[in-house]
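Presented below is the structure to which this report refers.
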Amino acid sequence: MAEVEETLKRIQSHKGVIGTMVVNAEGIPIRTTLDNSTTVQYAGLLHQLTMKAKSTVRDIDPQNDLTFLRIRSKKHEIMVAPDKEYLLIAIQNPCE
Amino acid sequence: MDEADMKGEVYPFGVVGMANKGDCLQKGESVKFQYCVLGQNAQTMAYNITPLRRATVECVKDQFGFINYEVGDSKKLFLHVKEVQDGIELQAGDEVEFLVIFNQRAGKCTACNVWRVCEGPKAVAAPRPDRSGGEGCVGLRRRRGWAGWGWGWGGGSVSTVTRAQPGQLCRAGSAGAEALASGGAASTERPERPGPLQDETLGLASVPSQWRGVQGIRGETKSCQTASIATAEASAQTRKHADAEVQTEAPEPASLQSVPQYDGPRLVAFLRRVEAMVTRELNKNWQSHAFDGFEVNWSEQQQTVTCLHTLGYPPAQGQGLHVTGVSWNTTGSVVACAYGRLDDGDWSTLKSFVCTWNLDRRGLNPQQPSAVVEVPSAVMCLAFHPTQPSHVAGGLYNGEVLVWDVSHPEDPLLWRTGLTDDAHTDPVYQVVWLPGPQHGHRFQVLSVATDGKVLLWLAVGAGRLQLSAGFALAVQQLPRSTKLKKPPRGETEVGATAVAFSSFDPSLFVLGTEGGFPLKCSLAAEEPALTRMPSSVPLRAPAQFTFSPHGGPVYSVSCSPFHRNLFLSAGTDGHVHLYSMLQAQPLTSLQLSHKYLFAVRWSPVRPLVFAAASGEGDVQLFDLQKSSQKPTVSIKQTQDESPVYCLEFNCQQTQLLAAGDAKGVVKVWQLSSEFTEQGPRETEDLDQLAAEVAT
C-alpha cells in the first residue's frame, strides 16, 4: 500500500492543496488527510453531488459521461475525479 | 284493508290509521281505537289503533318462555326474554302486554315488546321497582299499616293506611296480616284500657285497580355509610445515601471506518488512472486567472446603511438619562439597553431603567419596550447571558452587580451581589459572562470597576452572587514592559474601565485602564495582590504584560474573533490602537475623532472590519482592507453631536448594529452587504497585518 500513500502525498504536496481524500462507491471515506468530521461531511455531500452530476451528463447525452467535477467557491476550489468504484477529492486554495 | 267490528258497527281503517305502524293485526283481534271523520268523502274511519294483547305467562325457562295466547294453530306464544322491556324477569302467572310478530325464519309467531302489566302471585319477593302499574294489584292485596297503638288517638280507631308500594306487596301483605293478628291479640291482652279507647277490627278496604294509572311514590330513601378508613402512620429514614451525577456525553463524531486491506490492487489502479488528470487540474487552477475579479451575489445587495429602528423609553429620556450599555441576547432578536449617566460624578439616588425590545415581534412600538426593569441606581453596563435568552447582568454606579430575568416582569431580579466588603466600591464599568469553573453550563459574571478590582461572581441559591475569585491591580505589581507615567502620590490602585476576553484562549483577557495602558492578564495568575482591600477570597495580581499607553483613559477594548493576537483599544484621545499581543507598541494607530471614543468593536463576520462610537455623535465603520486611514462609512447617529456611548454587533443577524447615545435613544442600523459578507482572502490579509510585528 505504499504506492497508495505515496500518490496521495504527491497530490497533497501541490501548491495550495488543503486536503485530499479517497471515497468508495458508497460514500465512505477510505483515505484522508483531513480530520474525521470534515472528511465525513465532504465525503457524503460530494458523493451525492457527483452522482447527480453524472446522471445529468448522461441524461443530456447517453453517449457522454462525467470525467471531472470542479466546484469553485469564494474560499477554495474542490476537485472531484470520479470512477466506477472510487472518488478522489482534492481541495485547493486558488491563488489570487 | 281490513274491517274492524265494534258493537256491530264497522269502521274501515287503513295502515295509516294504525297508531303504531309496526303492529300487524289479525282478524278477530281486539283493538282499541278512535274514530274520525275524513273531509274528503265524509267517511268515518278508525285511527290511532292499538291492538290490545294481554295474556298471562304460562312458563319461563331461562332464556325463553311461553305466553297463554292463541295464535295460529298453537295455543301458546313463544317469547324470548330479550323481548321483555326493562329486562324484567318474568314468572309464570305474570300478566303481560305484548305485540305479536311473525318470525319468518322460525316460521312461527313470537312475542315482542313485552310489558309486564302485573305480577303473578309469589311467596318470595325482593323489592323491585315495577313501572307497569303494579299498584293496580294493590287492590288485590291489601295492606294495613298501624298508625299507633291507640293511646292518645281519638276514637280508638285503628286507621288503615293503604299505600301503593310496589314490590313490597307480598311481604306487606303478610305483614299486614300479622299486624292484624297482633292487633287482635293486643286488644285481648289489655283489658284495662281507658274508656274511650277501644280496639276494633274493621273490614278490609279495597282499592280498585288502575293499571297504567298513577304511578305512586317511587322514591325510596336509602342511605349508605362508608366503612371507616383504617389509617396507620409509618415513617422511613434513609440510613445511607449516595450522590450520583449523570451527564450525557457529547455525540461521538462519526468515526472513520477502518479499512485495513481495502481492495488494494483496485485502489492502486484507480489512483494511477486519475493522478495525472488531477495533477494537471491542480496546476491549471494554480495558474489560472479565469476567475480574477469574478464575484457572485447570492443575496440582494444592500448598498447603504439604513436605520431600522429608533428605540427609546420616554420616562428615561425625560430624566435626561443616557444609554450607557447595549446588548443583544443569545438569539439575536432582543436588544437591551441600560440607562444611566456617564458624566455625573455623584452618588445620586437616581432611579434608572433597563429596557428590552424584542425586534422580531410584530407590532413593535419603538417607544414602548417589551420589558422594563426599574433599578435603584444608575446602570453603567449590560451583558446578556450567552445561552439563556432572558437573563441579563448589569453593573451599577454603586458597585453592585445584578442579574435580572426579563421574562418575569413582576419580579425580575434574580441575583445580586449586595453592598458587601467583597463588592466593588466604585462604579462597575463592564460585566462579562464566563463559563463556570467546573463545567460549561453554569456561568459566572466578571465585573471590572475603577477601584482596581476584577471580580468573578458565581450565583448561589437565595439570589446572592458570591465571590468565587478576584483580582486586584496595584501599581507596584504592573509588569515593567513599558515606561509608565509616575502615578500620583498615594494611589496604588489602577482603575479598570474595560475588559475583553480572547476567543482563542479563554483564560486570557485584556484590561483597559484609567491610565491609558491596556494590560494583558490571565485568569490563571497565582501571585497574590498587594492590596489593602478586604475580601473573602484572596485577590491575585493578574497582569502579565503592559502595552504602551494612549493619551488618556481607555474606555473600550475588543479582541479579534479571527486572530488570536490582535486586539483594539479606544481611548479618550480619540485614537484607536491596533495591538498585537506580542509587542507593546501598537501596530497601527488611527485617529477617528477629535473628541473621546467611547466604544470599539470588531465585526463578528468580517475579519478586517471594526466599528467605533465617537463623542461627536458618529458611528464609524472601518475596513482595514480598503483604507487604513479613514473610515469607510461614518453614520451620524445624533443630530446635535451628543456622543454615542456604546455599540454592539448582532452575532446572529450579522447585518445589525445597535448603538446607544446620550439622548437616551438606541438606534439599530442595518449595514450594507459589504460589511456582512466576507471577501475572498480576508483572513490571510489579517494574518499579514498581524505579522507586521516590528522587530
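Quick note on naming: the chains in the C-alpha cells go A, B, ... in the order shown, residues restart at 1 in each chain, and ligands are numbered from 1 in order of appearance.
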Open item on the list: Set the cut-off to 8 Å and count only C-alpha atoms: what are the residues of chain A that reach chain B? Output as an MDAnalysis selection string.
Closed with: chainID A and resid 1 3:4 7 11 14:16 28:30 36:37 40 74:75 79 81 83 86 88 92 94:96
TODO: Pick out each residue of chain A that DSSP on the backbone tags as alpha helix (DSSP H); I need them as an NGL selection string.
DONE: :A and (2-12 or 36-60)
Task: Residue contacts of Phe98 of chain B (8 Å, only C-alpha atoms) excluding same-chain residues fewer than 5 positions away, as number ranges by chain - done: B: 53-54, 111-115
Pull C-alpha atoms from the residues just selected and write them as a tab-separated table (two decimals), in the first residue's frame.
```tsv
chain	number	residue	atom	x	y	z
B	53	ARG	CA	-102.84	-8.03	23.56
B	54	ARG	CA	-102.74	-9.14	27.09
B	111	ALA	CA	-93.97	-12.03	21.12
B	112	CYS	CA	-92.09	-8.80	21.18
B	113	ASN	CA	-92.16	-5.55	23.15
B	114	VAL	CA	-93.36	-7.40	26.15
B	115	TRP	CA	-94.51	-5.31	29.10
```
Task: All strand (DSSP E or B) positions in segment 6-55 of chain A, as a ChimeraX atom specification - done: /A:17-24,29-32
Write to file, as a PDB file, in the first residue's frame, the residues of the selection just made, with all heavy atoms.
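The resulting file, result03.pdb, is reproduced below:
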```
ATOM      1  N   VAL A  17      -2.880  23.032  -1.931  1.00  0.00           N
ATOM      2  CA  VAL A  17      -3.842  21.974  -1.610  1.00  0.00           C
ATOM      3  C   VAL A  17      -4.046  21.920  -0.103  1.00  0.00           C
ATOM      4  O   VAL A  17      -3.091  21.809   0.654  1.00  0.00           O
ATOM      5  CB  VAL A  17      -3.358  20.615  -2.143  1.00  0.00           C
ATOM      6  CG1 VAL A  17      -4.270  19.507  -1.652  1.00  0.00           C
ATOM      7  CG2 VAL A  17      -3.328  20.634  -3.652  1.00  0.00           C
ATOM      8  N   ILE A  18      -5.320  21.979   0.308  1.00  0.00           N
ATOM      9  CA  ILE A  18      -5.621  21.953   1.741  1.00  0.00           C
ATOM     10  C   ILE A  18      -5.799  20.519   2.211  1.00  0.00           C
ATOM     11  O   ILE A  18      -5.359  20.143   3.279  1.00  0.00           O
ATOM     12  CB  ILE A  18      -6.921  22.733   2.020  1.00  0.00           C
ATOM     13  CG1 ILE A  18      -6.808  24.154   1.525  1.00  0.00           C
ATOM     14  CG2 ILE A  18      -7.216  22.728   3.498  1.00  0.00           C
ATOM     15  CD1 ILE A  18      -8.087  24.910   1.649  1.00  0.00           C
ATOM     16  N   GLY A  19      -6.492  19.707   1.403  1.00  0.00           N
ATOM     17  CA  GLY A  19      -6.754  18.336   1.848  1.00  0.00           C
ATOM     18  C   GLY A  19      -7.078  17.435   0.682  1.00  0.00           C
ATOM     19  O   GLY A  19      -7.494  17.890  -0.389  1.00  0.00           O
ATOM     20  N   THR A  20      -6.874  16.119   0.893  1.00  0.00           N
ATOM     21  CA  THR A  20      -7.144  15.123  -0.142  1.00  0.00           C
ATOM     22  C   THR A  20      -7.856  13.964   0.508  1.00  0.00           C
ATOM     23  O   THR A  20      -7.580  13.635   1.663  1.00  0.00           O
ATOM     24  CB  THR A  20      -5.823  14.590  -0.737  1.00  0.00           C
ATOM     25  OG1 THR A  20      -4.940  15.683  -0.900  1.00  0.00           O
ATOM     26  CG2 THR A  20      -6.049  13.910  -2.050  1.00  0.00           C
ATOM     27  N   MET A  21      -8.767  13.304  -0.228  1.00  0.00           N
ATOM     28  CA  MET A  21      -9.385  12.102   0.332  1.00  0.00           C
ATOM     29  C   MET A  21      -9.857  11.179  -0.781  1.00  0.00           C
ATOM     30  O   MET A  21     -10.138  11.642  -1.886  1.00  0.00           O
ATOM     31  CB  MET A  21     -10.533  12.469   1.271  1.00  0.00           C
ATOM     32  CG  MET A  21     -11.692  13.135   0.617  1.00  0.00           C
ATOM     33  SD  MET A  21     -12.884  13.713   1.825  1.00  0.00           S
ATOM     34  CE  MET A  21     -12.147  15.260   2.277  1.00  0.00           C
ATOM     35  N   VAL A  22      -9.937   9.904  -0.442  1.00  0.00           N
ATOM     36  CA  VAL A  22     -10.456   8.904  -1.375  1.00  0.00           C
ATOM     37  C   VAL A  22     -11.719   8.313  -0.752  1.00  0.00           C
ATOM     38  O   VAL A  22     -11.717   7.918   0.411  1.00  0.00           O
ATOM     39  CB  VAL A  22      -9.431   7.775  -1.619  1.00  0.00           C
ATOM     40  CG1 VAL A  22     -10.013   6.748  -2.575  1.00  0.00           C
ATOM     41  CG2 VAL A  22      -8.142   8.346  -2.172  1.00  0.00           C
ATOM     42  N   VAL A  23     -12.769   8.271  -1.571  1.00  0.00           N
ATOM     43  CA  VAL A  23     -14.075   7.822  -1.081  1.00  0.00           C
ATOM     44  C   VAL A  23     -14.527   6.652  -1.943  1.00  0.00           C
ATOM     45  O   VAL A  23     -14.297   6.669  -3.149  1.00  0.00           O
ATOM     46  CB  VAL A  23     -15.098   8.983  -1.197  1.00  0.00           C
ATOM     47  CG1 VAL A  23     -16.470   8.555  -0.756  1.00  0.00           C
ATOM     48  CG2 VAL A  23     -14.622  10.164  -0.387  1.00  0.00           C
ATOM     49  N   ASN A  24     -15.157   5.654  -1.334  1.00  0.00           N
ATOM     50  CA  ASN A  24     -15.580   4.494  -2.136  1.00  0.00           C
ATOM     51  C   ASN A  24     -16.975   4.732  -2.709  1.00  0.00           C
ATOM     52  O   ASN A  24     -17.561   5.803  -2.554  1.00  0.00           O
ATOM     53  CB  ASN A  24     -15.518   3.220  -1.291  1.00  0.00           C
ATOM     54  CG  ASN A  24     -16.701   3.108  -0.358  1.00  0.00           C
ATOM     55  OD1 ASN A  24     -17.412   4.075  -0.110  1.00  0.00           O
ATOM     56  ND2 ASN A  24     -16.926   1.919   0.159  1.00  0.00           N
ATOM     57  N   PRO A  29     -15.449   7.278   3.321  1.00  0.00           N
ATOM     58  CA  PRO A  29     -14.059   7.656   3.049  1.00  0.00           C
ATOM     59  C   PRO A  29     -13.080   6.536   3.400  1.00  0.00           C
ATOM     60  O   PRO A  29     -13.220   5.868   4.415  1.00  0.00           O
ATOM     61  CB  PRO A  29     -13.841   8.878   3.945  1.00  0.00           C
ATOM     62  CG  PRO A  29     -14.947   8.898   4.901  1.00  0.00           C
ATOM     63  CD  PRO A  29     -16.041   8.029   4.409  1.00  0.00           C
ATOM     64  N   ILE A  30     -12.105   6.373   2.527  1.00  0.00           N
ATOM     65  CA  ILE A  30     -11.122   5.319   2.732  1.00  0.00           C
ATOM     66  C   ILE A  30      -9.797   5.894   3.212  1.00  0.00           C
ATOM     67  O   ILE A  30      -9.190   5.392   4.139  1.00  0.00           O
ATOM     68  CB  ILE A  30     -10.883   4.537   1.428  1.00  0.00           C
ATOM     69  CG1 ILE A  30     -12.212   4.002   0.917  1.00  0.00           C
ATOM     70  CG2 ILE A  30      -9.912   3.401   1.642  1.00  0.00           C
ATOM     71  CD1 ILE A  30     -12.088   3.364  -0.419  1.00  0.00           C
ATOM     72  N   ARG A  31      -9.345   6.936   2.542  1.00  0.00           N
ATOM     73  CA  ARG A  31      -8.102   7.586   2.962  1.00  0.00           C
ATOM     74  C   ARG A  31      -8.372   9.073   3.020  1.00  0.00           C
ATOM     75  O   ARG A  31      -9.134   9.598   2.204  1.00  0.00           O
ATOM     76  CB  ARG A  31      -6.981   7.355   1.933  1.00  0.00           C
ATOM     77  CG  ARG A  31      -6.561   5.956   1.754  1.00  0.00           C
ATOM     78  CD  ARG A  31      -5.521   5.571   2.807  1.00  0.00           C
ATOM     79  NE  ARG A  31      -4.864   4.330   2.426  1.00  0.00           N
ATOM     80  CZ  ARG A  31      -5.384   3.127   2.591  1.00  0.00           C
ATOM     81  NH1 ARG A  31      -6.571   3.020   3.132  1.00  0.00           N
ATOM     82  NH2 ARG A  31      -4.720   2.062   2.207  1.00  0.00           N
ATOM     83  N   THR A  32      -7.723   9.750   3.954  1.00  0.00           N
ATOM     84  CA  THR A  32      -7.952  11.188   4.051  1.00  0.00           C
ATOM     85  C   THR A  32      -6.779  11.863   4.731  1.00  0.00           C
ATOM     86  O   THR A  32      -6.050  11.242   5.507  1.00  0.00           O
ATOM     87  CB  THR A  32      -9.240  11.492   4.835  1.00  0.00           C
ATOM     88  OG1 THR A  32      -9.393  12.896   4.960  1.00  0.00           O
ATOM     89  CG2 THR A  32      -9.190  10.900   6.225  1.00  0.00           C
TER      90      THR A  32
END
```
Fewer than 4 positions away in the same chain doesn't count, so skip those; otherwise give me all residues within 12 Å of Leu45 of chain A, counting only C-alpha atoms, as a short mmCIF file (atom, residue, chain, number, x, y, z; two decimals) with all heavy atoms, in the first residue's frame.
```
data_model
loop_
_atom_site.label_atom_id
_atom_site.label_comp_id
_atom_site.auth_asym_id
_atom_site.auth_seq_id
_atom_site.Cartn_x
_atom_site.Cartn_y
_atom_site.Cartn_z
N VAL A 23 -12.77 8.27 -1.57
CA VAL A 23 -14.08 7.82 -1.08
C VAL A 23 -14.53 6.65 -1.94
O VAL A 23 -14.30 6.67 -3.15
CB VAL A 23 -15.10 8.98 -1.20
CG1 VAL A 23 -16.47 8.56 -0.76
CG2 VAL A 23 -14.62 10.16 -0.39
N GLU A 26 -19.85 3.82 -1.97
CA GLU A 26 -20.99 4.09 -1.09
C GLU A 26 -20.87 5.41 -0.37
O GLU A 26 -21.70 5.73 0.48
CB GLU A 26 -21.11 2.98 -0.04
CG GLU A 26 -21.81 1.76 -0.54
CD GLU A 26 -20.85 0.60 -0.58
OE1 GLU A 26 -20.00 0.54 0.33
OE2 GLU A 26 -20.94 -0.21 -1.50
N GLY A 27 -19.81 6.14 -0.64
CA GLY A 27 -19.65 7.42 0.05
C GLY A 27 -18.90 7.30 1.35
O GLY A 27 -18.94 8.23 2.17
N ILE A 28 -18.23 6.21 1.59
CA ILE A 28 -17.47 6.03 2.82
C ILE A 28 -16.01 6.37 2.55
O ILE A 28 -15.40 5.82 1.61
CB ILE A 28 -17.59 4.59 3.33
CG1 ILE A 28 -19.06 4.26 3.54
CG2 ILE A 28 -16.81 4.39 4.61
CD1 ILE A 28 -19.32 2.83 3.82
N PRO A 29 -15.45 7.28 3.32
CA PRO A 29 -14.06 7.66 3.05
C PRO A 29 -13.08 6.54 3.40
O PRO A 29 -13.22 5.87 4.42
CB PRO A 29 -13.84 8.88 3.95
CG PRO A 29 -14.95 8.90 4.90
CD PRO A 29 -16.04 8.03 4.41
N THR A 38 -14.77 16.66 9.26
CA THR A 38 -14.75 17.34 7.96
C THR A 38 -14.78 16.31 6.84
O THR A 38 -15.50 16.47 5.86
CB THR A 38 -13.48 18.19 7.82
OG1 THR A 38 -13.20 18.79 9.06
CG2 THR A 38 -13.64 19.24 6.75
N THR A 39 -13.98 15.24 7.01
CA THR A 39 -13.91 14.21 5.97
C THR A 39 -15.27 13.59 5.72
O THR A 39 -15.71 13.46 4.57
CB THR A 39 -12.94 13.11 6.41
OG1 THR A 39 -11.70 13.70 6.72
CG2 THR A 39 -12.79 12.07 5.34
N VAL A 40 -15.91 13.24 6.80
CA VAL A 40 -17.22 12.57 6.65
C VAL A 40 -18.20 13.50 5.95
O VAL A 40 -18.97 13.09 5.08
CB VAL A 40 -17.73 12.15 8.04
CG1 VAL A 40 -19.18 11.77 7.98
CG2 VAL A 40 -16.91 11.01 8.57
N GLN A 41 -18.12 14.77 6.30
CA GLN A 41 -19.04 15.73 5.69
C GLN A 41 -18.79 15.85 4.20
O GLN A 41 -19.69 15.73 3.37
CB GLN A 41 -18.84 17.08 6.37
CG GLN A 41 -20.11 17.86 6.45
CD GLN A 41 -19.92 19.16 7.21
OE1 GLN A 41 -18.81 19.55 7.53
NE2 GLN A 41 -21.01 19.82 7.45
N LEU A 49 -23.40 14.67 -4.81
CA LEU A 49 -23.32 15.65 -5.89
C LEU A 49 -22.73 15.04 -7.15
O LEU A 49 -23.19 15.31 -8.27
CB LEU A 49 -22.48 16.85 -5.45
CG LEU A 49 -22.48 18.03 -6.43
CD1 LEU A 49 -23.89 18.56 -6.59
CD2 LEU A 49 -21.56 19.12 -5.94
N THR A 50 -21.74 14.18 -6.98
CA THR A 50 -21.12 13.53 -8.14
C THR A 50 -22.13 12.64 -8.84
O THR A 50 -22.20 12.61 -10.08
CB THR A 50 -19.91 12.71 -7.71
OG1 THR A 50 -19.11 13.48 -6.84
CG2 THR A 50 -19.09 12.27 -8.90
N MET A 51 -22.93 11.91 -8.07
CA MET A 51 -23.94 11.06 -8.68
C MET A 51 -24.92 11.90 -9.49
O MET A 51 -25.32 11.54 -10.60
CB MET A 51 -24.71 10.28 -7.61
CG MET A 51 -23.88 9.26 -6.88
SD MET A 51 -23.21 7.99 -7.98
CE MET A 51 -21.48 8.33 -7.86
N LYS A 52 -25.29 13.03 -8.92
CA LYS A 52 -26.25 13.89 -9.60
C LYS A 52 -25.64 14.45 -10.87
O LYS A 52 -26.29 14.51 -11.92
CB LYS A 52 -26.65 15.03 -8.65
CG LYS A 52 -27.74 15.91 -9.16
CD LYS A 52 -29.06 15.18 -9.14
CE LYS A 52 -30.18 16.04 -9.69
NZ LYS A 52 -31.41 15.28 -9.81
N ILE A 78 -12.91 22.84 -5.06
CA ILE A 78 -12.98 21.42 -4.74
C ILE A 78 -12.95 20.66 -6.06
O ILE A 78 -13.73 20.94 -6.97
CB ILE A 78 -14.30 21.09 -4.00
CG1 ILE A 78 -14.44 21.97 -2.77
CG2 ILE A 78 -14.34 19.63 -3.63
CD1 ILE A 78 -15.80 21.91 -2.13
N VAL A 80 -13.12 16.89 -7.97
CA VAL A 80 -13.54 15.51 -7.76
C VAL A 80 -13.27 14.72 -9.02
O VAL A 80 -13.73 15.07 -10.11
CB VAL A 80 -15.05 15.46 -7.45
CG1 VAL A 80 -15.49 14.04 -7.20
CG2 VAL A 80 -15.38 16.33 -6.25
N ILE A 89 -11.01 13.24 -4.07
CA ILE A 89 -11.40 14.62 -3.81
C ILE A 89 -10.18 15.39 -3.36
O ILE A 89 -9.46 14.97 -2.46
CB ILE A 89 -12.48 14.67 -2.70
CG1 ILE A 89 -13.71 13.87 -3.12
CG2 ILE A 89 -12.88 16.11 -2.41
CD1 ILE A 89 -14.69 13.66 -2.00
#
```
TODO: Would you mind reading off the distance between atom CA of Ser627 of chain B and atom CA of Trp602 of chain B, one decimal, in Å?
DONE: 15.9 Å
TODO: Go through A:Ser73, A:Arg58, A:Gly44, A:Thr33 one by one, measure the shortest atom-to-atom distance of each to Ser13 of chain A using only C-alpha atoms, and give the residue with the smallest value.
DONE: A:Thr33
TODO: Would you please work out which residue, of A:Thr67, A:Gln12, A:Gln48, A:Ser55, is nearest to Pro82 of chain A when using only C-alpha atoms?
DONE: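 Looking at the shortest contact to Pro82 of chain A, the residue is A:Thr67.
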